[in-house]
Amino acid sequence: MADDKRVLLKIQGLRIEGYSDEKWIEIVHGVDLTLNRGEVLGLIGESGAGKSTIGLAAMGFARDGCRISAGSVEFDGMELTTTAESDRRVLRGSRIAYVAQSAAASFNPAHKLIDQHTEAPVHYRIRKRMESQEDAMELYGRLRLPNPREIGFRYPHQVSGGQLQRAMTAMAMSCRPDLIIFDEPTTALDVTTQIEVLAAIRDIVDQFDTAAIYITHDLAVVAQMADTIKVLLKGDEVEEADTVTMLDSPKEDYTKTLWAVRSFQRPQKSRPADGAVPIVTVDNVDAAYGQTRVLEDVSFDVHAGMTVAVVGESGSGKSTAARCITGLLPPTKGRILFSGEELPANFRARSKDQLRQAQMIYQMADTALNPKVRISDIIGRPAEFYSGLKGAALKTRVDELLDLIELEPSQFYSRFPPELSGGQKQRIGIARALAAEPSFIICDEVTSALDQLVAEGILRLLDRLQDELNLAYMFITHDLATVRSIADEVVVMKEGRVVEMGPKDVMFTPPHHPYTDLLLSSVPEMDPNWLNTVLEERGVDNIGEAART
Amino acid sequence: MNYFVIVYYALLIGGSCLAAYFKRREIFLALFSLTLASFVMGIVGGQDALWAVSIAAGLLALAGGTAYAFREFLVIISGTQTAKALRTAPLTASFGMFVIFTYAVLGIFAPVIAPFGEGEVISQSFAPADENMLLGADQLGRDLFSRIVYGARNTVGLALVATMIAFVIGVLLGMVAAVKGGWFDQLMGRIIDVVMSIPGLIFALLLLSIFGTNLIILVIIIGIIYAPRVFRLTRAVAGNVVVMDYIEAASLRGEGMWYLIRKEILPNSTAPLIAEFGLEFCFVFLLVAGLSFLGLGIQPPTADWGSMVRENATLISFGEITPLIPAAAIALLTVSVNFVVDWMLFRSSGLKE
């Protein structure tokens, strides 16, 4: 076949097994994949779909505790599953490169960026050190990093997350590989940073005609990057098609549900009367960590039964505002009022009832639930602590709460958190907050660590609970799709200040404050041409500045 | 060439071939290199060397068999959760558990097992072993075997209590320091630094000469000397737990410090603490034995392994192994405890592969 010259990677009948509970369990059940030179393939699926495992298998690599049990991985005519490890190692780094999700965790913090960049080309004798440094600077320039001639001489902690991710992409390019595997490279970034990284990655892949496998759970992102998209579910392929076909007319039901996720939207509630006393009032609050001021003159209200979404990039002070309300970080100036009554600044000085009124749900359910405590005790403790319930009454209450969060009590009552899935853990976190019978709940990025389908389930649950129990939510998030689905009011924060606030419908219709505009326009859309359009509007060259102003 | 030598080599070569046939690489390598080494040993040391090798192999096989059987026994009698954990135990660990179990039985039932009392003089000093005395007599004519059995109770019991005191002090202070932080943490840290800067044995000698060699004082002093290490470990482990969101959630709920320590932090730090307990126990045990050897530990006529080594030390110059028997008892227990601790450390570090 004439086509064969173009085929770079061919995976056939790939099966991968993982070792757990003293036996091997198959986690990837026979996946085929063909990638031509210069093409970008998007792998998409929920967590546990086997995306990353397949990505690593494309380098002939299986994680600790995993093994490739069947199938073939053919890279440029070379069968990787049977090649000696030493030959594969030469291949990795020089001809296949890998860009990990967390650049911060993947760079060695003790070496300068450029020294890590030049390591592979020098090691494989592709370039001399000085040549390689020159090349690095050029790549930094192409990836639109500021000061490309100097930035390489910084340490990883001296550059921002988005810059680090681009430096990592540059590093992957250092040996001009034929194939790069991107494993969720932008998931940990803010939308405004994500757009820069996406544009940079796409350009450089284009310029060097590199093939890429782009792994993500975000459809809108993959629509910008990939030529073809493959949808995975629990280690099986669901369907594969080119990007436009896939977006316009998905065949399988599962794919359609993925596409439909973003459609959940709740009608906005009407604003309470002007005289109504808000549940929580943040009144001209300043806060600081040591000498660093992180909040300046922040004020907003949360009314009973309403959801206030606080949005902004990381470092904008959203979570700090929450810490001020809970009393973990006493404000340096200003007051926190609860139903019109001023709260002591430090939570230790607050009464049991004041503490009960405001509860919190955390981003990482893994660290928010004690892994060594049974579910019954996690949920039961606040009920016991605040209401003094004991014995049978306590058990009834826990069952009631488990029912409320749609988990079968008999199944979950005596289990431990590590046995639960991410979505279930988050539900337990919600139940723990509800057990205190609060009137106000702070939701700190509660859905950002979850898959879209699961996240939607959580949002629907929170919405239902709000209606049933007349709860007020302060919803901290950087995801504007979430804001659109459940917020009543929106507070936009930047660098510790409130930039703009108002009801949702007002906030989502122009004219916007320039920063709100930037945030809104940076949210990826399903349209494959979205990135081009946005870049054109902003002017490609000054995209970096656009994000900073 | 006699039958023994023929059988010896036949077994080794047959075993190697079987291992090779079943593709058990390590076993084959071990057996076959032993065969090759035996050629040299047989030429140099004659038949006796081969006998020694066979006996050593037999003992090793016996220990391995005991360990295996003991592990299976434990798996059968324990609940499903524990059984699952026990099944991952290597043979060294179950051997260690077996030895610890044996020592515990010796210590608890000492008066029943020992044929004579610990201070009972029944023979001439340094009398050799006979049908009455399994291991002969010590320097005063007391039965050595009985004294070793009683010694298990005294030495091990003392070390156990001292380790527990060290743990109660260290864990409690370490947890409080981790939760409270700030000045309390600093103050405790500096006090602990001071205690740790004084060499343990010297410190013990100093305190014992001030307060006198009373058993209770001895236990408390040893506990205090070893508490700083426990404090440091606890503080480090608890420090990692304290920053978790669930601790924040609990303290926002208004929970007191005691609840936080007991219900939230302690369950998440038991694994490294238990492992540390095993290690500390060995050190304490050796310190007790060392103090007894110097005459400052358990006082005569109470039997104690450390002082037994000292009292019989003169026999070494006569080529007798008697003083080495209590020393071997100490060594065996230390090694066994470490076997078990190694396995626990391995489990708690999460390196399951």
# chains A, B, ... in the order shown; residues from 1 in each chain; ligands from 1
>>> interface_residues(of="chain B", to="chain A", cutoff="12 Å", atoms="only C-alpha atoms", output="JSON, numbers by chain")
{"B": [84, 85, 87, 88, 240, 241, 242, 243, 244, 245, 246, 247, 248, 249, 250, 251, 252, 253, 254, 255, 256, 257, 259, 260, 262, 263, 264, 265, 266, 267, 268, 269, 270, 271, 351, 352, 353]}
>>> write_last_selection(atoms="N, CA and C atoms", output="short mmCIF file (atom, residue, chain, number, x, y, z; two decimals), in the first residue's frame")
data_model
loop_
_atom_site.label_atom_id
_atom_site.label_comp_id
_atom_site.auth_asym_id
_atom_site.auth_seq_id
_atom_site.Cartn_x
_atom_site.Cartn_y
_atom_site.Cartn_z
N LYS B 84 -5.84 -11.37 54.92
CA LYS B 84 -5.38 -10.84 53.64
C LYS B 84 -4.02 -10.18 53.80
N ALA B 85 -3.88 -9.41 54.89
CA ALA B 85 -2.61 -8.75 55.15
C ALA B 85 -1.53 -9.78 55.44
N ARG B 87 -1.24 -12.80 54.46
CA ARG B 87 -0.83 -13.59 53.31
C ARG B 87 0.32 -12.91 52.55
N THR B 88 0.42 -11.59 52.68
CA THR B 88 1.50 -10.89 51.99
C THR B 88 2.81 -10.95 52.77
N ASN B 240 2.02 15.93 58.49
CA ASN B 240 1.48 15.70 57.15
C ASN B 240 -0.03 15.51 57.17
N VAL B 241 -0.55 15.00 58.28
CA VAL B 241 -1.98 14.76 58.36
C VAL B 241 -2.73 16.05 58.69
N VAL B 242 -2.11 16.88 59.53
CA VAL B 242 -2.79 18.09 60.01
C VAL B 242 -3.18 19.04 58.88
N VAL B 243 -2.40 19.03 57.80
CA VAL B 243 -2.70 19.97 56.71
C VAL B 243 -3.83 19.50 55.81
N MET B 244 -4.36 18.30 56.07
CA MET B 244 -5.43 17.78 55.22
C MET B 244 -6.72 18.57 55.43
N ASP B 245 -7.55 18.55 54.38
CA ASP B 245 -8.82 19.28 54.45
C ASP B 245 -9.74 18.73 55.53
N TYR B 246 -9.67 17.41 55.78
CA TYR B 246 -10.62 16.87 56.76
C TYR B 246 -10.31 17.34 58.18
N ILE B 247 -9.05 17.69 58.43
CA ILE B 247 -8.72 18.26 59.74
C ILE B 247 -9.29 19.67 59.82
N GLU B 248 -9.16 20.42 58.70
CA GLU B 248 -9.73 21.76 58.65
C GLU B 248 -11.24 21.69 58.86
N ALA B 249 -11.86 20.72 58.18
CA ALA B 249 -13.32 20.57 58.32
C ALA B 249 -13.68 20.29 59.77
N ALA B 250 -12.91 19.42 60.42
CA ALA B 250 -13.23 19.06 61.80
C ALA B 250 -13.01 20.24 62.74
N SER B 251 -11.93 21.00 62.54
CA SER B 251 -11.71 22.12 63.47
C SER B 251 -12.70 23.25 63.20
N LEU B 252 -13.12 23.39 61.93
CA LEU B 252 -14.17 24.38 61.64
C LEU B 252 -15.49 23.98 62.30
N ARG B 253 -15.67 22.68 62.47
CA ARG B 253 -16.88 22.18 63.13
C ARG B 253 -16.85 22.58 64.59
N GLY B 254 -15.66 22.88 65.10
CA GLY B 254 -15.54 23.28 66.50
C GLY B 254 -15.03 22.16 67.38
N GLU B 255 -14.46 21.11 66.78
CA GLU B 255 -13.96 19.99 67.56
C GLU B 255 -12.75 20.41 68.39
N GLY B 256 -12.64 19.79 69.57
CA GLY B 256 -11.50 20.08 70.43
C GLY B 256 -10.26 19.34 69.98
N MET B 257 -9.13 19.71 70.58
CA MET B 257 -7.86 19.14 70.17
C MET B 257 -7.80 17.63 70.43
N TYR B 259 -10.19 15.45 70.46
CA TYR B 259 -10.94 14.72 69.44
C TYR B 259 -10.12 14.63 68.16
N LEU B 260 -9.52 15.75 67.76
CA LEU B 260 -8.73 15.77 66.53
C LEU B 260 -7.62 14.73 66.59
N ARG B 262 -7.33 12.06 68.58
CA ARG B 262 -7.78 10.69 68.79
C ARG B 262 -8.47 10.14 67.54
N LYS B 263 -9.37 10.92 66.97
CA LYS B 263 -10.22 10.37 65.92
C LYS B 263 -9.73 10.67 64.51
N GLU B 264 -9.06 11.76 64.33
CA GLU B 264 -8.70 12.14 62.96
C GLU B 264 -7.23 11.86 62.64
N ILE B 265 -6.33 12.20 63.56
CA ILE B 265 -4.91 12.09 63.24
C ILE B 265 -4.35 10.70 63.55
N LEU B 266 -4.65 10.20 64.73
CA LEU B 266 -4.06 8.93 65.15
C LEU B 266 -4.33 7.78 64.17
N PRO B 267 -5.59 7.60 63.70
CA PRO B 267 -5.82 6.49 62.78
C PRO B 267 -5.00 6.60 61.49
N ASN B 268 -4.59 7.83 61.14
CA ASN B 268 -3.83 8.00 59.91
C ASN B 268 -2.33 7.94 60.12
N SER B 269 -1.90 7.75 61.37
CA SER B 269 -0.45 7.66 61.56
C SER B 269 -0.05 6.39 62.28
N THR B 270 -0.96 5.42 62.43
CA THR B 270 -0.60 4.22 63.19
C THR B 270 0.48 3.39 62.51
N ALA B 271 0.41 3.26 61.18
CA ALA B 271 1.34 2.34 60.51
C ALA B 271 2.80 2.70 60.77
N LEU B 351 4.84 0.47 49.17
CA LEU B 351 5.57 -0.13 48.05
C LEU B 351 5.15 -1.58 47.93
N LYS B 352 4.03 -1.81 47.29
CA LYS B 352 3.50 -3.17 47.27
C LYS B 352 4.13 -4.00 46.15
N GLU B 353 4.68 -3.33 45.17
CA GLU B 353 5.22 -4.09 44.03
C GLU B 353 6.61 -4.60 44.31
#
>>> residues_around(residues="stretch 409-422 of chain A", least_positions_apart="6", cutoff="6 Å", atoms="only C-alpha atoms", output="PyMOL selection string")
chain A and resi 371+374-376+399+402
>>> write_last_selection(atoms="N, CA, C and O atoms", output="CSV table (one decimal), in the first residue's frame")
chain,number,residue,atom,x,y,z
A,371,PRO,N,-9.6,9.1,55.4
A,371,PRO,CA,-9.6,7.8,54.8
A,371,PRO,C,-9.8,6.6,55.8
A,371,PRO,O,-10.2,5.5,55.4
A,374,ARG,N,-15.2,5.5,58.9
A,374,ARG,CA,-16.3,5.0,58.2
A,374,ARG,C,-17.2,6.1,57.8
A,374,ARG,O,-17.4,7.1,58.5
A,375,ILE,N,-17.9,5.9,56.6
A,375,ILE,CA,-18.9,6.8,56.1
A,375,ILE,C,-19.9,7.2,57.2
A,375,ILE,O,-20.2,8.4,57.4
A,376,SER,N,-20.4,6.2,57.9
A,376,SER,CA,-21.4,6.5,59.0
A,376,SER,C,-20.9,7.5,60.0
A,376,SER,O,-21.6,8.3,60.5
A,399,ASP,N,-29.0,7.6,57.7
A,399,ASP,CA,-29.7,7.0,56.5
A,399,ASP,C,-30.4,8.1,55.7
A,399,ASP,O,-30.4,8.0,54.5
A,402,LEU,N,-28.0,10.0,53.7
A,402,LEU,CA,-27.5,9.2,52.5
A,402,LEU,C,-28.6,9.1,51.4
A,402,LEU,O,-28.3,9.2,50.3
>>> residues_around(residues="B:Trp343", least_positions_apart="4", cutoff="8 Å", atoms="only C-alpha atoms", output="list of chain:residue names")
B:Ala89, B:Pro90, B:Ala93, B:Phe339, B:Arg347
>>> write_last_selection(atoms="C-alpha atoms", output="PDB file, in the first residue's frame")
ATOM      1  CA  ALA B  89       3.982 -11.502  54.817  1.00  0.00           C
ATOM      2  CA  PRO B  90       7.323 -12.884  53.673  1.00  0.00           C
ATOM      3  CA  ALA B  93       8.336 -11.908  58.920  1.00  0.00           C
ATOM      4  CA  PHE B 339      12.030  -8.975  60.447  1.00  0.00           C
ATOM      5  CA  ARG B 347       3.461  -2.244  53.968  1.00  0.00           C
TER       6      ARG B 347
END
>>> atom_distance(atom1="atom CA of B:Leu160", atom2="atom CA of B:Lys180")
29.7 Å
>>> closest_residue(among="B:Arg232, B:Phe28, B:Ile108, B:Tyr3", to="B:Gly15", atoms="only C-alpha atoms")
B:Phe28
>>> residues_around(residues="A:Val205", least_positions_apart="4", cutoff="10 Å", atoms="only C-alpha atoms", output="list in words")
Gly38, Glu39, Val40, Thr169, Met173, Leu179, Ile180, Ala200, Ile201, Asp209, Thr210, Ala211, Ala212 and Met225 of chain A
>>> select_by_dssp(residues="stretch 63-308 of chain A", states="alpha helix (DSSP H)", output="PyMOL selection string")
chain A and resi 85-94+103-106+113-123+129-142+161-173+191-207+219-225+243-248+253-260
>>> closest_residue(among="A:Asp115, A:Asp183, A:Asp32, A:Glu138", to="A:Thr53", atoms="only C-alpha atoms")
A:Asp183
>>> select_by_dssp(residues="stretch 313-449 of chain A", states="strand (DSSP E or B)", output="list in words")
Lys333, Gly334, Arg335, Ile336, Leu337, Phe338, Glu341, Glu342, Ala358, Gln359, Met360, Ile361, Phe440, Ile441, Ile442, Cys443 and Asp444 of chain A
>>> write_last_selection(atoms="N, CA, C and O atoms", output="PDB file, in the first residue's frame")
ATOM      1  N   LYS A 333      -9.204  43.970  57.875  1.00  0.00           N
ATOM      2  CA  LYS A 333     -10.133  45.087  57.937  1.00  0.00           C
ATOM      3  C   LYS A 333     -11.488  44.583  57.445  1.00  0.00           C
ATOM      4  O   LYS A 333     -11.547  43.624  56.680  1.00  0.00           O
ATOM      5  N   GLY A 334     -12.567  45.215  57.893  1.00  0.00           N
ATOM      6  CA  GLY A 334     -13.880  44.840  57.395  1.00  0.00           C
ATOM      7  C   GLY A 334     -14.566  43.820  58.294  1.00  0.00           C
ATOM      8  O   GLY A 334     -13.983  43.331  59.264  1.00  0.00           O
ATOM      9  N   ARG A 335     -15.844  43.508  57.940  1.00  0.00           N
ATOM     10  CA  ARG A 335     -16.638  42.635  58.799  1.00  0.00           C
ATOM     11  C   ARG A 335     -17.277  41.520  57.984  1.00  0.00           C
ATOM     12  O   ARG A 335     -17.490  41.648  56.781  1.00  0.00           O
ATOM     13  N   ILE A 336     -17.560  40.432  58.659  1.00  0.00           N
ATOM     14  CA  ILE A 336     -18.367  39.361  58.078  1.00  0.00           C
ATOM     15  C   ILE A 336     -19.667  39.320  58.876  1.00  0.00           C
ATOM     16  O   ILE A 336     -19.641  39.171  60.100  1.00  0.00           O
ATOM     17  N   LEU A 337     -20.793  39.499  58.204  1.00  0.00           N
ATOM     18  CA  LEU A 337     -22.081  39.473  58.896  1.00  0.00           C
ATOM     19  C   LEU A 337     -22.820  38.205  58.522  1.00  0.00           C
ATOM     20  O   LEU A 337     -22.772  37.755  57.373  1.00  0.00           O
ATOM     21  N   PHE A 338     -23.520  37.643  59.531  1.00  0.00           N
ATOM     22  CA  PHE A 338     -24.325  36.464  59.274  1.00  0.00           C
ATOM     23  C   PHE A 338     -25.744  36.797  59.695  1.00  0.00           C
ATOM     24  O   PHE A 338     -26.000  37.043  60.864  1.00  0.00           O
ATOM     25  N   GLU A 341     -25.887  39.865  61.676  1.00  0.00           N
ATOM     26  CA  GLU A 341     -25.210  39.891  62.968  1.00  0.00           C
ATOM     27  C   GLU A 341     -23.716  39.663  62.715  1.00  0.00           C
ATOM     28  O   GLU A 341     -23.342  38.761  61.955  1.00  0.00           O
ATOM     29  N   GLU A 342     -22.873  40.487  63.329  1.00  0.00           N
ATOM     30  CA  GLU A 342     -21.450  40.390  63.034  1.00  0.00           C
ATOM     31  C   GLU A 342     -20.834  39.151  63.677  1.00  0.00           C
ATOM     32  O   GLU A 342     -21.099  38.836  64.831  1.00  0.00           O
ATOM     33  N   ALA A 358     -22.583  27.847  58.806  1.00  0.00           N
ATOM     34  CA  ALA A 358     -21.805  27.913  57.570  1.00  0.00           C
ATOM     35  C   ALA A 358     -20.978  26.646  57.428  1.00  0.00           C
ATOM     36  O   ALA A 358     -20.167  26.328  58.294  1.00  0.00           O
ATOM     37  N   GLN A 359     -21.207  25.898  56.358  1.00  0.00           N
ATOM     38  CA  GLN A 359     -20.453  24.672  56.138  1.00  0.00           C
ATOM     39  C   GLN A 359     -19.679  24.779  54.830  1.00  0.00           C
ATOM     40  O   GLN A 359     -19.903  25.697  54.043  1.00  0.00           O
ATOM     41  N   MET A 360     -18.794  23.828  54.636  1.00  0.00           N
ATOM     42  CA  MET A 360     -17.915  23.930  53.481  1.00  0.00           C
ATOM     43  C   MET A 360     -17.814  22.586  52.761  1.00  0.00           C
ATOM     44  O   MET A 360     -17.788  21.532  53.392  1.00  0.00           O
ATOM     45  N   ILE A 361     -17.775  22.629  51.430  1.00  0.00           N
ATOM     46  CA  ILE A 361     -17.520  21.434  50.626  1.00  0.00           C
ATOM     47  C   ILE A 361     -16.232  21.712  49.853  1.00  0.00           C
ATOM     48  O   ILE A 361     -16.067  22.791  49.294  1.00  0.00           O
ATOM     49  N   PHE A 440     -26.017  28.021  54.959  1.00  0.00           N
ATOM     50  CA  PHE A 440     -25.095  28.569  53.970  1.00  0.00           C
ATOM     51  C   PHE A 440     -23.972  27.573  53.742  1.00  0.00           C
ATOM     52  O   PHE A 440     -23.395  27.047  54.699  1.00  0.00           O
ATOM     53  N   ILE A 441     -23.672  27.270  52.475  1.00  0.00           N
ATOM     54  CA  ILE A 441     -22.603  26.317  52.180  1.00  0.00           C
ATOM     55  C   ILE A 441     -21.635  26.942  51.190  1.00  0.00           C
ATOM     56  O   ILE A 441     -22.052  27.525  50.180  1.00  0.00           O
ATOM     57  N   ILE A 442     -20.353  26.831  51.501  1.00  0.00           N
ATOM     58  CA  ILE A 442     -19.324  27.283  50.566  1.00  0.00           C
ATOM     59  C   ILE A 442     -18.887  26.083  49.746  1.00  0.00           C
ATOM     60  O   ILE A 442     -18.450  25.075  50.303  1.00  0.00           O
ATOM     61  N   CYS A 443     -19.014  26.163  48.429  1.00  0.00           N
ATOM     62  CA  CYS A 443     -18.580  25.075  47.556  1.00  0.00           C
ATOM     63  C   CYS A 443     -17.301  25.529  46.867  1.00  0.00           C
ATOM     64  O   CYS A 443     -17.352  26.378  45.986  1.00  0.00           O
ATOM     65  N   ASP A 444     -16.176  24.962  47.277  1.00  0.00           N
ATOM     66  CA  ASP A 444     -14.894  25.414  46.743  1.00  0.00           C
ATOM     67  C   ASP A 444     -14.470  24.503  45.589  1.00  0.00           C
ATOM     68  O   ASP A 444     -13.917  23.445  45.808  1.00  0.00           O
TER      69      ASP A 444
END
>>> residues_around(residues="A:Ile114", least_positions_apart="6", cutoff="12 Å", atoms="only C-alpha atoms", output="ChimeraX atom specification")
/A:107-108,120-122,129-140,148-156,164,167-168,170-171,174
>>> write_last_selection(atoms="N, CA and C atoms", output="tab-separated table (two decimals), in the first residue's frame")
chain	number	residue	atom	x	y	z
A	107	PHE	N	8.85	18.81	36.14
A	107	PHE	CA	10.18	19.43	36.08
A	107	PHE	C	10.91	19.17	37.38
A	108	ASN	N	12.22	19.01	37.29
A	108	ASN	CA	13.02	18.88	38.49
A	108	ASN	C	13.24	20.29	39.05
A	120	ALA	N	18.23	15.84	26.97
A	120	ALA	CA	17.97	14.75	26.03
A	120	ALA	C	18.80	14.88	24.76
A	121	PRO	N	18.77	16.05	24.06
A	121	PRO	CA	19.58	16.13	22.82
A	121	PRO	C	21.06	15.89	23.06
A	122	VAL	N	21.58	16.35	24.18
A	122	VAL	CA	23.00	16.14	24.44
A	122	VAL	C	23.26	14.67	24.73
A	129	ARG	N	25.79	20.98	23.39
A	129	ARG	CA	25.08	21.75	24.39
A	129	ARG	C	24.76	23.17	23.93
A	130	MET	N	25.75	23.85	23.32
A	130	MET	CA	25.51	25.24	22.93
A	130	MET	C	24.46	25.33	21.83
A	131	GLU	N	24.56	24.42	20.86
A	131	GLU	CA	23.56	24.40	19.80
A	131	GLU	C	22.18	24.19	20.38
A	132	SER	N	22.12	23.26	21.33
A	132	SER	CA	20.85	22.91	21.90
A	132	SER	C	20.25	24.09	22.68
A	133	GLN	N	21.12	24.84	23.32
A	133	GLN	CA	20.62	26.03	24.05
A	133	GLN	C	20.06	27.06	23.07
A	134	GLU	N	20.79	27.26	21.96
A	134	GLU	CA	20.28	28.18	20.94
A	134	GLU	C	18.91	27.73	20.46
A	135	ASP	N	18.82	26.41	20.23
A	135	ASP	CA	17.58	25.83	19.74
A	135	ASP	C	16.45	26.03	20.76
A	136	ALA	N	16.79	25.84	22.02
A	136	ALA	CA	15.79	26.01	23.07
A	136	ALA	C	15.23	27.43	23.04
A	137	MET	N	16.16	28.41	22.90
A	137	MET	CA	15.71	29.80	22.89
A	137	MET	C	14.80	30.06	21.71
A	138	GLU	N	15.13	29.41	20.58
A	138	GLU	CA	14.26	29.62	19.43
A	138	GLU	C	12.88	29.02	19.67
A	139	LEU	N	12.88	27.83	20.24
A	139	LEU	CA	11.60	27.19	20.54
A	139	LEU	C	10.78	28.01	21.53
A	140	TYR	N	11.46	28.53	22.55
A	140	TYR	CA	10.76	29.37	23.54
A	140	TYR	C	10.10	30.55	22.82
A	148	PRO	N	12.48	35.06	25.45
A	148	PRO	CA	12.93	33.69	25.15
A	148	PRO	C	14.42	33.47	25.39
A	149	ARG	N	15.23	34.52	25.33
A	149	ARG	CA	16.67	34.31	25.51
A	149	ARG	C	17.06	34.17	26.98
A	150	GLU	N	16.17	34.60	27.86
A	150	GLU	CA	16.54	34.56	29.28
A	150	GLU	C	15.72	33.58	30.11
A	151	ILE	N	14.48	33.34	29.66
A	151	ILE	CA	13.58	32.59	30.54
A	151	ILE	C	14.11	31.20	30.87
A	152	GLY	N	14.89	30.63	29.95
A	152	GLY	CA	15.42	29.28	30.18
A	152	GLY	C	16.36	29.19	31.37
A	153	PHE	N	16.92	30.33	31.77
A	153	PHE	CA	17.88	30.29	32.87
A	153	PHE	C	17.21	30.48	34.21
A	154	ARG	N	15.88	30.38	34.22
A	154	ARG	CA	15.18	30.42	35.50
A	154	ARG	C	14.92	29.00	35.99
A	155	TYR	N	14.58	28.93	37.27
A	155	TYR	CA	14.19	27.65	37.85
A	155	TYR	C	12.68	27.47	37.69
A	156	PRO	N	12.20	26.22	37.70
A	156	PRO	CA	10.77	25.99	37.46
A	156	PRO	C	9.84	26.82	38.34
A	164	LEU	N	5.32	27.29	32.31
A	164	LEU	CA	5.98	26.02	32.56
A	164	LEU	C	5.49	24.95	31.59
A	167	ALA	N	7.12	25.58	28.37
A	167	ALA	CA	8.52	25.17	28.42
A	167	ALA	C	8.63	23.66	28.29
A	168	MET	N	7.64	22.97	28.86
A	168	MET	CA	7.63	21.51	28.78
A	168	MET	C	7.39	21.06	27.35
A	170	ALA	N	8.21	22.79	24.74
A	170	ALA	CA	9.47	23.08	24.06
A	170	ALA	C	10.47	21.96	24.30
A	171	MET	N	10.49	21.47	25.54
A	171	MET	CA	11.42	20.41	25.89
A	171	MET	C	11.09	19.14	25.10
A	174	SER	N	12.58	19.20	21.79
A	174	SER	CA	14.03	19.43	21.70
A	174	SER	C	14.72	18.47	20.76
>>> residues_around(residues="B:Leu296", least_positions_apart="2", cutoff="8 Å", atoms="only C-alpha atoms", output="PDB file with N, CA and C atoms, in the first residue's frame")
ATOM      1  N   LEU B 205      23.267   6.562  82.777  1.00  0.00           N
ATOM      2  CA  LEU B 205      24.196   6.358  83.894  1.00  0.00           C
ATOM      3  C   LEU B 205      24.093   7.510  84.884  1.00  0.00           C
ATOM      4  N   LEU B 208      20.746   7.407  86.732  1.00  0.00           N
ATOM      5  CA  LEU B 208      20.680   6.269  87.649  1.00  0.00           C
ATOM      6  C   LEU B 208      21.554   6.499  88.873  1.00  0.00           C
ATOM      7  N   THR B 213      19.376   2.803  91.586  1.00  0.00           N
ATOM      8  CA  THR B 213      18.908   1.814  90.621  1.00  0.00           C
ATOM      9  C   THR B 213      17.656   1.094  91.113  1.00  0.00           C
ATOM     10  N   LEU B 291      22.830  -1.839  80.223  1.00  0.00           N
ATOM     11  CA  LEU B 291      22.873  -1.326  81.596  1.00  0.00           C
ATOM     12  C   LEU B 291      23.067  -2.470  82.584  1.00  0.00           C
ATOM     13  N   SER B 292      22.389  -3.593  82.330  1.00  0.00           N
ATOM     14  CA  SER B 292      22.533  -4.741  83.213  1.00  0.00           C
ATOM     15  C   SER B 292      23.958  -5.252  83.182  1.00  0.00           C
ATOM     16  N   PHE B 293      24.547  -5.250  81.969  1.00  0.00           N
ATOM     17  CA  PHE B 293      25.920  -5.706  81.809  1.00  0.00           C
ATOM     18  C   PHE B 293      26.857  -4.838  82.656  1.00  0.00           C
ATOM     19  N   LEU B 294      26.522  -3.533  82.739  1.00  0.00           N
ATOM     20  CA  LEU B 294      27.349  -2.623  83.536  1.00  0.00           C
ATOM     21  C   LEU B 294      27.001  -2.711  85.013  1.00  0.00           C
ATOM     22  N   ILE B 298      18.819  -4.421  85.974  1.00  0.00           N
ATOM     23  CA  ILE B 298      18.090  -5.290  86.896  1.00  0.00           C
ATOM     24  C   ILE B 298      19.100  -5.900  87.878  1.00  0.00           C
ATOM     25  N   GLN B 299      18.758  -5.853  89.167  1.00  0.00           N
ATOM     26  CA  GLN B 299      19.720  -6.282  90.178  1.00  0.00           C
ATOM     27  C   GLN B 299      19.579  -7.765  90.513  1.00  0.00           C
TER      28      GLN B 299
END
>>> residues_around(residues="A:Gly71", least_positions_apart="4", cutoff="10 Å", atoms="only C-alpha atoms", output="list in words")
Ile11, Gln12, Gly13, Leu14, Arg15, Ile16, His29, Gly30, Val31, Asp32 and Thr81 of chain A
